[in-house]
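Student: protein23.csv is the file, holding CSV, C-alpha atoms:
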chain,number,residue,atom,x,y,z
Q,1,MET,CA,-32.8,7.6,-1.4
Q,2,LEU,CA,-30.6,5.4,-3.6
Q,3,THR,CA,-27.5,7.6,-3.4
Q,4,GLU,CA,-25.2,4.8,-2.3
Q,5,HIS,CA,-26.5,2.7,-5.2
Q,6,ALA,CA,-25.9,5.6,-7.6
Q,7,LYS,CA,-22.3,5.9,-6.4
Q,8,VAL,CA,-21.7,2.3,-7.3
Q,9,MET,CA,-23.3,2.9,-10.7
Q,10,LYS,CA,-21.1,5.9,-11.2
Q,11,ALA,CA,-18.1,3.7,-10.5
Q,12,LEU,CA,-19.3,1.2,-13.1
Q,13,ALA,CA,-19.9,4.0,-15.6
Q,14,ALA,CA,-16.4,5.4,-15.0
Q,15,ALA,CA,-14.7,2.0,-15.4
Q,16,GLY,CA,-16.8,0.7,-18.2
Q,17,GLU,CA,-17.1,-3.1,-18.1
Q,18,ILE,CA,-15.7,-4.8,-15.0
Q,19,VAL,CA,-14.9,-8.5,-15.3
Q,20,GLY,CA,-15.1,-10.4,-12.0
Q,21,ARG,CA,-16.9,-10.1,-8.7
Q,22,LYS,CA,-13.6,-10.1,-6.9
Q,23,LYS,CA,-12.2,-7.3,-9.1
Q,24,LEU,CA,-15.3,-5.2,-8.6
Q,25,GLN,CA,-15.0,-5.6,-4.8
Q,26,LYS,CA,-11.3,-4.6,-4.8
Q,27,MET,CA,-11.8,-1.6,-7.1
Q,28,ILE,CA,-14.6,-0.1,-4.8
Q,29,TYR,CA,-12.5,-0.9,-1.7
Q,30,ILE,CA,-9.4,0.8,-3.2
Q,31,ALA,CA,-11.5,3.8,-4.3
Q,32,LYS,CA,-12.9,4.1,-0.8
Q,33,LYS,CA,-9.3,4.0,0.7
Q,34,LEU,CA,-8.4,6.8,-1.8
Q,35,GLN,CA,-11.1,8.9,0.0
Q,36,PHE,CA,-13.9,8.5,-2.6
Q,37,PRO,CA,-17.2,8.6,-0.8
Q,38,PHE,CA,-18.1,4.9,-0.7
Q,39,TYR,CA,-19.5,3.9,2.6
Q,40,GLU,CA,-19.8,0.1,2.3
Q,41,LYS,CA,-18.4,-1.8,5.3
Q,42,PHE,CA,-15.5,-4.1,4.4
Q,43,ASP,CA,-14.1,-7.0,6.4
Q,44,PHE,CA,-11.1,-9.1,5.7
Q,45,HIS,CA,-11.9,-12.4,4.0
Q,46,PHE,CA,-10.1,-15.1,2.0
Q,47,TYR,CA,-9.5,-12.8,-1.0
Q,48,GLY,CA,-8.8,-9.7,1.0
Q,49,PRO,CA,-11.3,-6.9,1.8
Q,50,TYR,CA,-14.8,-7.9,1.0
Q,51,SER,CA,-18.2,-6.2,1.6
Q,52,GLU,CA,-21.4,-8.2,1.9
Q,53,GLU,CA,-23.2,-4.8,1.7
Q,54,LEU,CA,-21.6,-4.2,-1.7
Q,55,THR,CA,-22.6,-7.6,-2.9
Q,56,TRP,CA,-26.2,-7.0,-1.9
Q,57,ARG,CA,-26.1,-3.5,-3.5
Q,58,ILE,CA,-24.9,-5.0,-6.8
Q,59,GLU,CA,-27.6,-7.7,-6.7
Q,60,GLU,CA,-30.2,-5.0,-6.1
Q,61,LEU,CA,-29.0,-2.9,-9.0
Q,62,CYS,CA,-29.1,-6.0,-11.2
Q,63,ASN,CA,-32.7,-6.8,-10.1
Q,64,LEU,CA,-33.7,-3.2,-10.8
Q,65,GLY,CA,-32.3,-3.5,-14.3
Q,66,PHE,CA,-29.6,-0.8,-13.7
Q,67,LEU,CA,-26.7,-3.2,-14.0
Q,68,HIS,CA,-26.2,-6.1,-16.4
Q,69,GLU,CA,-24.5,-9.2,-15.0
Q,70,ALA,CA,-23.3,-11.6,-17.6
Q,71,LYS,CA,-22.2,-15.1,-16.5
Q,72,GLU,CA,-19.5,-16.9,-18.5
Q,73,LYS,CA,-18.2,-20.4,-17.9
Q,74,LYS,CA,-14.5,-20.4,-17.8
Q,75,GLY,CA,-13.1,-23.9,-17.4
Q,76,GLY,CA,-14.1,-25.0,-13.9
Q,77,TYR,CA,-15.6,-21.7,-12.7
Q,78,VAL,CA,-18.1,-19.0,-13.6
Q,79,GLN,CA,-16.9,-15.4,-14.4
Q,80,TYR,CA,-19.1,-12.4,-14.1
Q,81,ARG,CA,-19.1,-9.3,-16.2
Q,82,TYR,CA,-20.8,-6.1,-15.1
Q,83,THR,CA,-21.9,-3.2,-17.2
Q,84,LEU,CA,-24.3,-0.3,-16.6
Q,85,THR,CA,-27.5,-0.7,-18.6
Q,86,GLU,CA,-29.3,2.1,-20.5
Q,87,ALA,CA,-31.9,2.3,-17.7
Q,88,GLY,CA,-28.9,2.6,-15.3
Q,89,GLU,CA,-27.4,5.4,-17.3
Q,90,GLN,CA,-30.8,7.3,-17.3
Q,91,PHE,CA,-31.2,6.8,-13.6
Q,92,LEU,CA,-27.7,8.0,-12.9
Q,93,ARG,CA,-28.5,11.3,-14.7
Q,94,HIS,CA,-30.8,12.2,-11.8
Q,95,TYR,CA,-27.8,12.3,-9.4
Q,96,ASP,CA,-25.2,15.0,-9.3
Q,97,LEU,CA,-22.3,13.0,-7.9
Q,98,ASP,CA,-19.1,15.0,-7.9
Q,99,MET,CA,-16.3,12.5,-7.7
Q,100,PRO,CA,-13.3,14.2,-9.5
Q,101,HIS,CA,-10.7,11.8,-10.8
Q,102,LEU,CA,-12.8,8.7,-10.1
Q,103,GLN,CA,-12.7,7.8,-13.8
Q,104,ASP,CA,-8.9,8.1,-14.0
Q,105,CYS,CA,-8.5,5.8,-10.9
Q,106,LEU,CA,-11.1,3.2,-11.9
Q,107,GLN,CA,-10.0,3.0,-15.5
Q,108,ASP,CA,-6.4,2.4,-14.3
Q,109,MET,CA,-7.5,-0.2,-11.8
Q,110,ASN,CA,-9.6,-1.9,-14.4
Q,111,GLU,CA,-6.5,-2.5,-16.5
Q,112,GLN,CA,-4.9,-4.4,-13.6
Q,113,ASN,CA,-5.6,-8.1,-12.9
Q,114,SER,CA,-7.6,-9.3,-9.9
Q,115,ARG,CA,-4.6,-10.9,-8.3
Q,116,PHE,CA,-2.7,-7.6,-8.2
Q,117,LEU,CA,-5.7,-5.7,-7.0
Q,118,GLU,CA,-6.1,-8.3,-4.2
Q,119,LEU,CA,-2.6,-7.5,-3.1
Q,120,VAL,CA,-3.1,-3.7,-3.4
Q,121,SER,CA,-6.3,-3.9,-1.4
Q,122,THR,CA,-4.6,-6.1,1.3
Q,123,VAL,CA,-1.8,-3.5,1.6
Q,124,LEU,CA,-4.4,-0.8,2.0
Q,125,TYR,CA,-6.3,-2.8,4.6
Q,126,PHE,CA,-3.2,-3.0,6.8
Q,127,GLU,CA,-1.7,0.4,5.9
Q,128,HIS,CA,-2.0,1.5,9.5
Q,129,LEU,CA,0.9,-0.9,10.3
Q,130,PRO,CA,4.6,-0.5,9.5
Q,131,LYS,CA,5.5,-1.8,6.1
Q,132,GLU,CA,7.5,-4.7,7.6
Q,133,GLU,CA,4.4,-5.9,9.5
Q,134,VAL,CA,2.2,-5.5,6.3
Q,135,ILE,CA,4.6,-7.7,4.5
Q,136,GLU,CA,4.5,-10.3,7.3
Q,137,LYS,CA,0.7,-10.2,7.1
Q,138,ILE,CA,0.7,-10.7,3.3
Q,139,VAL,CA,3.2,-13.7,3.6
Q,140,LEU,CA,1.0,-15.2,6.4
Q,141,LEU,CA,-2.5,-14.5,5.0
Q,142,LYS,CA,-1.7,-14.8,1.3
Q,143,SER,CA,0.7,-17.7,1.3
Q,144,LYS,CA,-1.1,-19.4,-1.6
Q,145,GLN,CA,-0.7,-16.4,-3.8
Q,146,ARG,CA,3.1,-16.4,-3.3
Q,147,TYR,CA,3.5,-12.7,-3.7
Q,148,THR,CA,7.1,-11.7,-4.1
Q,149,GLU,CA,8.8,-8.8,-2.4
Q,150,GLU,CA,9.0,-7.1,-5.9
Q,151,GLU,CA,5.2,-7.4,-6.3
Q,152,ILE,CA,4.6,-6.0,-2.8
Q,153,ASN,CA,6.8,-3.0,-3.6
Q,154,THR,CA,5.0,-2.6,-6.9
Q,155,ALA,CA,1.7,-2.5,-5.0
Q,156,TYR,CA,3.0,0.2,-2.7
Q,157,ALA,CA,4.2,2.2,-5.8
Q,158,TYR,CA,0.8,1.7,-7.5
Q,159,ILE,CA,-1.0,3.0,-4.4
Q,160,GLU,CA,1.1,6.2,-4.6
Q,161,LYS,CA,0.3,6.4,-8.4
Q,162,LEU,CA,-3.4,6.3,-7.6
Q,163,ARG,CA,-3.1,8.8,-4.9
Q,164,GLY,CA,-1.3,11.0,-7.4
Q,165,TYR,CA,-4.4,11.0,-9.6
Q,166,VAL,CA,-6.6,12.1,-6.6
Q,167,TYR,CA,-4.4,14.6,-4.8
Q,168,SER,CA,-2.1,16.2,-7.4
Q,169,LYS,CA,-5.1,17.2,-9.5
Q,170,ALA,CA,-7.3,18.5,-6.7
Could you render the structure as structure tokens?
Tutor:
Amino acid sequence: MLTEHAKVMKALAAAGEIVGRKKLQKMIYIAKKLQFPFYEKFDFHFYGPYSEELTWRIEELCNLGFLHEAKEKKGGYVQYRYTLTEAGEQFLRHYDLDMPHLQDCLQDMNEQNSRFLELVSTVLYFEHLPKEEVIEKIVLLKSKQRYTEEEINTAYAYIEKLRGYVYSKA
């Protein structure tokens, strides 16, 4: 009944604490693009791929007491921290979710900053296009971020690194 909720909880359990709503969105999107079984619908928004469905799912999990959302004031904005609660851990034990290598991928992603994950998720969103066109989209859509060619190439290399976790250990 709550299998999709449990998958999100498993992701939080694998990553440990995730700091930032944007970061959480990007991590789930990237995991989905790596063929992990996340089925939330993502559309392209200001900060890259975004899922309203995932936002609602996170809110429901917080309301159920399975996730803890801590708000911190950071200068002129609020930052959110997400962790699985004890009740969430107990609930998750009722689900046999086989997602090999999810923990490796999510822990690695969690070590990256949100800006970089925004770039990686944007590259993946447009991966059906030739690399030159992806770069054009990034320059056009992400002009305020001022991503360099080096950063874009690093994002492509990072995607291959993540795919290596998933496919070379299968």
Student: Have a look at Q:Glu17, Q:Glu132, Q:Glu149, Q:Glu160 and name the one nearest to Leu84 in chain Q; count all atoms listed in the file.
Tutor: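 Residue with the minimum atom-to-atom distance to Leu84 in chain Q: Q:Glu17.
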Student: For a cut-off of 7 Å around (-21.7, 5.8, -15.0), file coordinates, pick out all residues using all atoms listed in the file and list them as a ChimeraX atom specification.
Tutor: /Q:9-14,84,89,92
Student: Neighbouring residues of Gly88 in chain Q were defined as those with any atom within 8 Å, considering all atoms listed in the file; residues of the same chain fewer than 2 positions away were excluded. Please report them as a list in words.
Tutor: Met9, Gly65, Phe66, Leu67, Leu84, Thr85, Glu86, Gln90, Phe91 and Leu92 of chain Q
Student: Take the selection from the previous step and output its residues with C-alpha atoms, as a PDB file, in the frame of the given file.
Tutor:
ATOM      1  CA  MET Q   9     -23.300   2.900 -10.700  1.00  0.00           C
ATOM      2  CA  GLY Q  65     -32.300  -3.500 -14.300  1.00  0.00           C
ATOM      3  CA  PHE Q  66     -29.600  -0.800 -13.700  1.00  0.00           C
ATOM      4  CA  LEU Q  67     -26.700  -3.200 -14.000  1.00  0.00           C
ATOM      5  CA  LEU Q  84     -24.300  -0.300 -16.600  1.00  0.00           C
ATOM      6  CA  THR Q  85     -27.500  -0.700 -18.600  1.00  0.00           C
ATOM      7  CA  GLU Q  86     -29.300   2.100 -20.500  1.00  0.00           C
ATOM      8  CA  GLN Q  90     -30.800   7.300 -17.300  1.00  0.00           C
ATOM      9  CA  PHE Q  91     -31.200   6.800 -13.600  1.00  0.00           C
ATOM     10  CA  LEU Q  92     -27.700   8.000 -12.900  1.00  0.00           C
TER      11      LEU Q  92
END
Student: Residues around (-1.1, -14.7, -4.0), cut-off 12 Å, counting all atoms listed in the file - what are they as a PyMOL selection string?
Tutor: chain Q and resi 46-48+113-120+122+138-149+151-152
Student: Between CA of Leu64 in chain Q and CA of Ser121 in chain Q, what is the distance, to one decimal in Å?
Tutor: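 Here the two named atoms are 29.0 Å from each other.
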Student: Find, counting all atoms listed in the file, the residue in Q:Lys22, Q:Arg163, Q:Arg81, Q:His68 that gets nearest to Glu52 in chain Q.
Tutor: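 Nearest candidate to Glu52 in chain Q out of Q:Lys22, Q:Arg163, Q:Arg81, Q:His68: Q:Lys22.
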Student: With only C-alpha atoms as the basis for distance, which of Q:Lys33, Q:Lys41, Q:Ser51, Q:His94 is at the shortest distance from Ile159 in chain Q?
Tutor: Q:Lys33
Student: Extract, using all atoms listed in the file, all DNA, RNA and protein residues at most 12 Å from Tyr77 in chain Q, discarding same-chain residues fewer than 5 positions from it, and format them as a list in words.
Tutor: Gly20, Lys71 and Glu72 of chain Q
Student: Just checking: using only C-alpha atoms, which residue out of Q:Glu133, Q:Asp104, Q:Glu111, Q:Glu4 ends up closest to Ile58 in chain Q?
Tutor: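 Of all the options, Q:Glu4 lies closest to Ile58 in chain Q.
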Student: At what distance in Å, to one decimal, does CA of His101 in chain Q lie from CA of Arg21 in chain Q?
Tutor: 22.9 Å
Student: So what do you get for CA of Leu61 in chain Q versus CA of Tyr165 in chain Q, distance-wise?
Tutor: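 Atom-to-atom, CA of Leu61 in chain Q and CA of Tyr165 in chain Q are spaced 28.3 Å apart.
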Student: Could you check the closest approach to Ala157 in chain Q for each of Q:Val123, Q:Gln79, Q:Arg57, Q:Gln103 and tell me which residue wins, using only C-alpha atoms?
Tutor: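 Using only C-alpha atoms, Ala157 in chain Q sits closest to Q:Val123.
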Student: Report as a list of chain:residue names all protein, DNA and RNA residues lying within 8 Å of Pro49 in chain Q, evaluated on all atoms listed in the file, omitting residues in the same chain fewer than 5 positions from it.
Tutor: Q:Gln25, Q:Lys26, Q:Tyr29, Q:Phe42, Q:Asp43, Q:Phe44, Q:Ser121, Q:Thr122, Q:Tyr125
Student: When you count all atoms listed in the file, which of these residues is closest to Gly16 in chain Q: Q:Tyr82, Q:Tyr50, Q:Tyr39, Q:Trp56?
Tutor: Q:Tyr82
